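Right, one structure below, let's go through it.
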Amino acid sequence: AAAAEPAAAGAEAGADGAEVAVPEAGGAAEASDDDDWQAMKRVPKNAPGVEDLPILAKTLCNVEDTPELLQLVADEITDQYGLSKECGGARHPTALIAMRTIDVVERKLELVTAVSSRGDLVQAAWDRRREIVQEVAKNTREAPQELLGLAAFIKKYVHPCGDPMEADKSDFLSFCSSFGLPQKHRCVARLRNLMADFSDFLAVATLEQANSGLDVDGIMRLLELCKSMTGGKKSPAMEEASKAICDAIADQVLVFAKEMKKKDDFAVSRSEVPQVESARKCAKDVNAQIKEAILMGCETSQPA
């Protein structure tokens with residue numbers, strides 16, 4: 001049955017060039033898959049390195065793997081397990097561990113693929129960031145969907161309580177369907193960095209647009225894009241720009257209020273009858289602008 005068991009000949013090149021070997025099916029016949037699993041769970045935080053771990057543990061801990069590498073590992077282990085099964089070794093302890101490994105690798109492949117794909121979309125949006133600001137500000141096109149809810153997306157795909165290696169695995173099927181990526185996985189770090197860069201850029205761009213006379217609705221669209229992307233968390237750049245943005249918004253509201261006053265004055269000048277409806281509509285429109293400004297962070301005590 002040795003030929004049917006996962007063989008080290010199926011080694012792969014890891015992200016750092018080191019071989020990622022499919023584990024051998026050797027070992028004492030009396031060993032159980034539970035014994036192997038318990039041993040794997042006892043790997044300490046300060047383990048000598050990812051390359052020294054069994055493939056299942058390595059998959060959970062690795063922060064450098066890619067969809068391509070994970071697919072190769074999954075295919076190799078699946079092929080070797082199939083050979084083992086054909087030769088009657090499906091219940092061999094190592095074969096059982098291989099089944100669990102396949103489940104973990106396929107779950108990680110799903111996670112890394114999703115996050116990497118979103119990263120590619122956000123990178124493409126970053127490359128045309130200036131056009132996006134103009135489109136959103138002028139309302140000629142909706143904000144790119146790949147930017148909306150980005151912080152929530154990252155939270156969904158990252159393991160919620162530290163290292164997935166240390167999660168409760170007593171219900172293995174449940175664990176395999178719910179574990180997330182390590183916090184420091186490179187595809188997660190890439191997406192977080194893009195989000196931070198985009199947030200900083202939007203802070204500066206929104207301030208520039210506000211100072212150039214963009215109306216309140218346009219400013220709000222840009223701020224809403226940033227808020228949706230970051231989950232409401234402000235970057236240091238946005239915090240720094242917030243006061244200036246609020247001042248610009250308040251100035252815009254004041255300009256709007258003066259225009260409404262002129263409009264009402266013109267309506268009054270054309271008739272000897274009091275233009276109550278005109279005054280009511282102008283007041284309603286000005287109040288709506290004030291409420292929007294407050295929602296965007298302007299203080300009610302703002303001088304304008």
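Simple scheme: letters A, B, ... for chains in structure tokens order, numbers from 1 for residues in each chain, numbers from 1 for ligands in the order shown.
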Step one, run DSSP on the backbone; step two, keep only residues of segment 127-241 of chain A assigned to helix (DSSP H, G or I); then write them as a PyMOL selection string. chain A and resi 127+129-138+150-157+164-166+172-178+186-211+216-230+236-241
Write out as number ranges by chain the residues lying within 9 Å of segment 255-263 of chain A, counting only C-alpha atoms and excluding same-chain residues fewer than 6 positions away. A: 278-279, 282-283, 285-287, 289
Suppose we keep all heavy atoms; can you now write the selection as a PDB file, in the first residue's frame?
ATOM      1  N   SER A 278     -43.476  80.274  -1.073  1.00  0.00           N
ATOM      2  CA  SER A 278     -42.081  80.418  -1.496  1.00  0.00           C
ATOM      3  C   SER A 278     -41.152  80.415  -0.282  1.00  0.00           C
ATOM      4  O   SER A 278     -40.116  79.728  -0.272  1.00  0.00           O
ATOM      5  CB  SER A 278     -41.901  81.719  -2.279  1.00  0.00           C
ATOM      6  OG  SER A 278     -40.531  81.960  -2.533  1.00  0.00           O
ATOM      7  N   ALA A 279     -41.537  81.178   0.731  1.00  0.00           N
ATOM      8  CA  ALA A 279     -40.710  81.229   1.945  1.00  0.00           C
ATOM      9  C   ALA A 279     -40.637  79.858   2.615  1.00  0.00           C
ATOM     10  O   ALA A 279     -39.571  79.438   3.091  1.00  0.00           O
ATOM     11  CB  ALA A 279     -41.282  82.265   2.913  1.00  0.00           C
ATOM     12  N   CYS A 282     -38.293  77.549   0.535  1.00  0.00           N
ATOM     13  CA  CYS A 282     -36.883  77.933   0.690  1.00  0.00           C
ATOM     14  C   CYS A 282     -36.351  77.528   2.061  1.00  0.00           C
ATOM     15  O   CYS A 282     -35.228  77.015   2.188  1.00  0.00           O
ATOM     16  CB  CYS A 282     -36.732  79.442   0.481  1.00  0.00           C
ATOM     17  SG  CYS A 282     -36.934  79.964  -1.236  1.00  0.00           S
ATOM     18  N   ALA A 283     -37.148  77.753   3.086  1.00  0.00           N
ATOM     19  CA  ALA A 283     -36.739  77.394   4.450  1.00  0.00           C
ATOM     20  C   ALA A 283     -36.560  75.885   4.576  1.00  0.00           C
ATOM     21  O   ALA A 283     -35.604  75.404   5.215  1.00  0.00           O
ATOM     22  CB  ALA A 283     -37.772  77.890   5.453  1.00  0.00           C
ATOM     23  N   ASP A 285     -35.760  73.769   2.148  1.00  0.00           N
ATOM     24  CA  ASP A 285     -34.555  73.362   1.426  1.00  0.00           C
ATOM     25  C   ASP A 285     -33.285  73.711   2.214  1.00  0.00           C
ATOM     26  O   ASP A 285     -32.338  72.926   2.260  1.00  0.00           O
ATOM     27  CB  ASP A 285     -34.520  74.046   0.056  1.00  0.00           C
ATOM     28  CG  ASP A 285     -35.589  73.501  -0.888  1.00  0.00           C
ATOM     29  OD1 ASP A 285     -36.137  72.424  -0.592  1.00  0.00           O
ATOM     30  OD2 ASP A 285     -35.872  74.179  -1.903  1.00  0.00           O
ATOM     31  N   VAL A 286     -33.270  74.882   2.846  1.00  0.00           N
ATOM     32  CA  VAL A 286     -32.103  75.286   3.640  1.00  0.00           C
ATOM     33  C   VAL A 286     -31.945  74.368   4.849  1.00  0.00           C
ATOM     34  O   VAL A 286     -30.834  73.924   5.181  1.00  0.00           O
ATOM     35  CB  VAL A 286     -32.219  76.755   4.086  1.00  0.00           C
ATOM     36  CG1 VAL A 286     -31.112  77.101   5.090  1.00  0.00           C
ATOM     37  CG2 VAL A 286     -32.155  77.686   2.884  1.00  0.00           C
ATOM     38  N   ASN A 287     -33.036  74.056   5.519  1.00  0.00           N
ATOM     39  CA  ASN A 287     -32.985  73.152   6.674  1.00  0.00           C
ATOM     40  C   ASN A 287     -32.473  71.772   6.279  1.00  0.00           C
ATOM     41  O   ASN A 287     -31.718  71.129   7.030  1.00  0.00           O
ATOM     42  CB  ASN A 287     -34.360  73.028   7.322  1.00  0.00           C
ATOM     43  CG  ASN A 287     -34.657  74.192   8.246  1.00  0.00           C
ATOM     44  OD1 ASN A 287     -33.746  74.748   8.858  1.00  0.00           O
ATOM     45  ND2 ASN A 287     -35.919  74.572   8.354  1.00  0.00           N
ATOM     46  N   GLN A 289     -30.375  71.109   3.876  1.00  0.00           N
ATOM     47  CA  GLN A 289     -28.926  71.228   3.684  1.00  0.00           C
ATOM     48  C   GLN A 289     -28.191  71.270   5.023  1.00  0.00           C
ATOM     49  O   GLN A 289     -27.124  70.667   5.178  1.00  0.00           O
ATOM     50  CB  GLN A 289     -28.619  72.496   2.888  1.00  0.00           C
ATOM     51  CG  GLN A 289     -29.052  72.454   1.436  1.00  0.00           C
ATOM     52  CD  GLN A 289     -28.055  71.717   0.558  1.00  0.00           C
ATOM     53  OE1 GLN A 289     -26.861  71.978   0.605  1.00  0.00           O
ATOM     54  NE2 GLN A 289     -28.546  70.788  -0.239  1.00  0.00           N
TER      55      GLN A 289
END
Just checking: using only C-alpha atoms, which residue out of A:Ser212, A:Asp168, A:Leu60, A:Val115 ends up closest to Arg186 of chain A? A:Val115
Quick one: of A:Glu146, A:Asp251, A:Glu239, A:Glu76, who's nearest to Ala125 of chain A, counting only C-alpha atoms?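 The answer is A:Glu146, which sits nearest to Ala125 of chain A.
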Tell me which protein, DNA and RNA residues are within 12 Å of Met195 of chain A, counting only C-alpha atoms, leaving out same-chain ones fewer than 3 positions away, and put them as a PyMOL selection string. chain A and resi 118-119+121-123+125-126+146-154+188-192+198-202+225-231+233-235
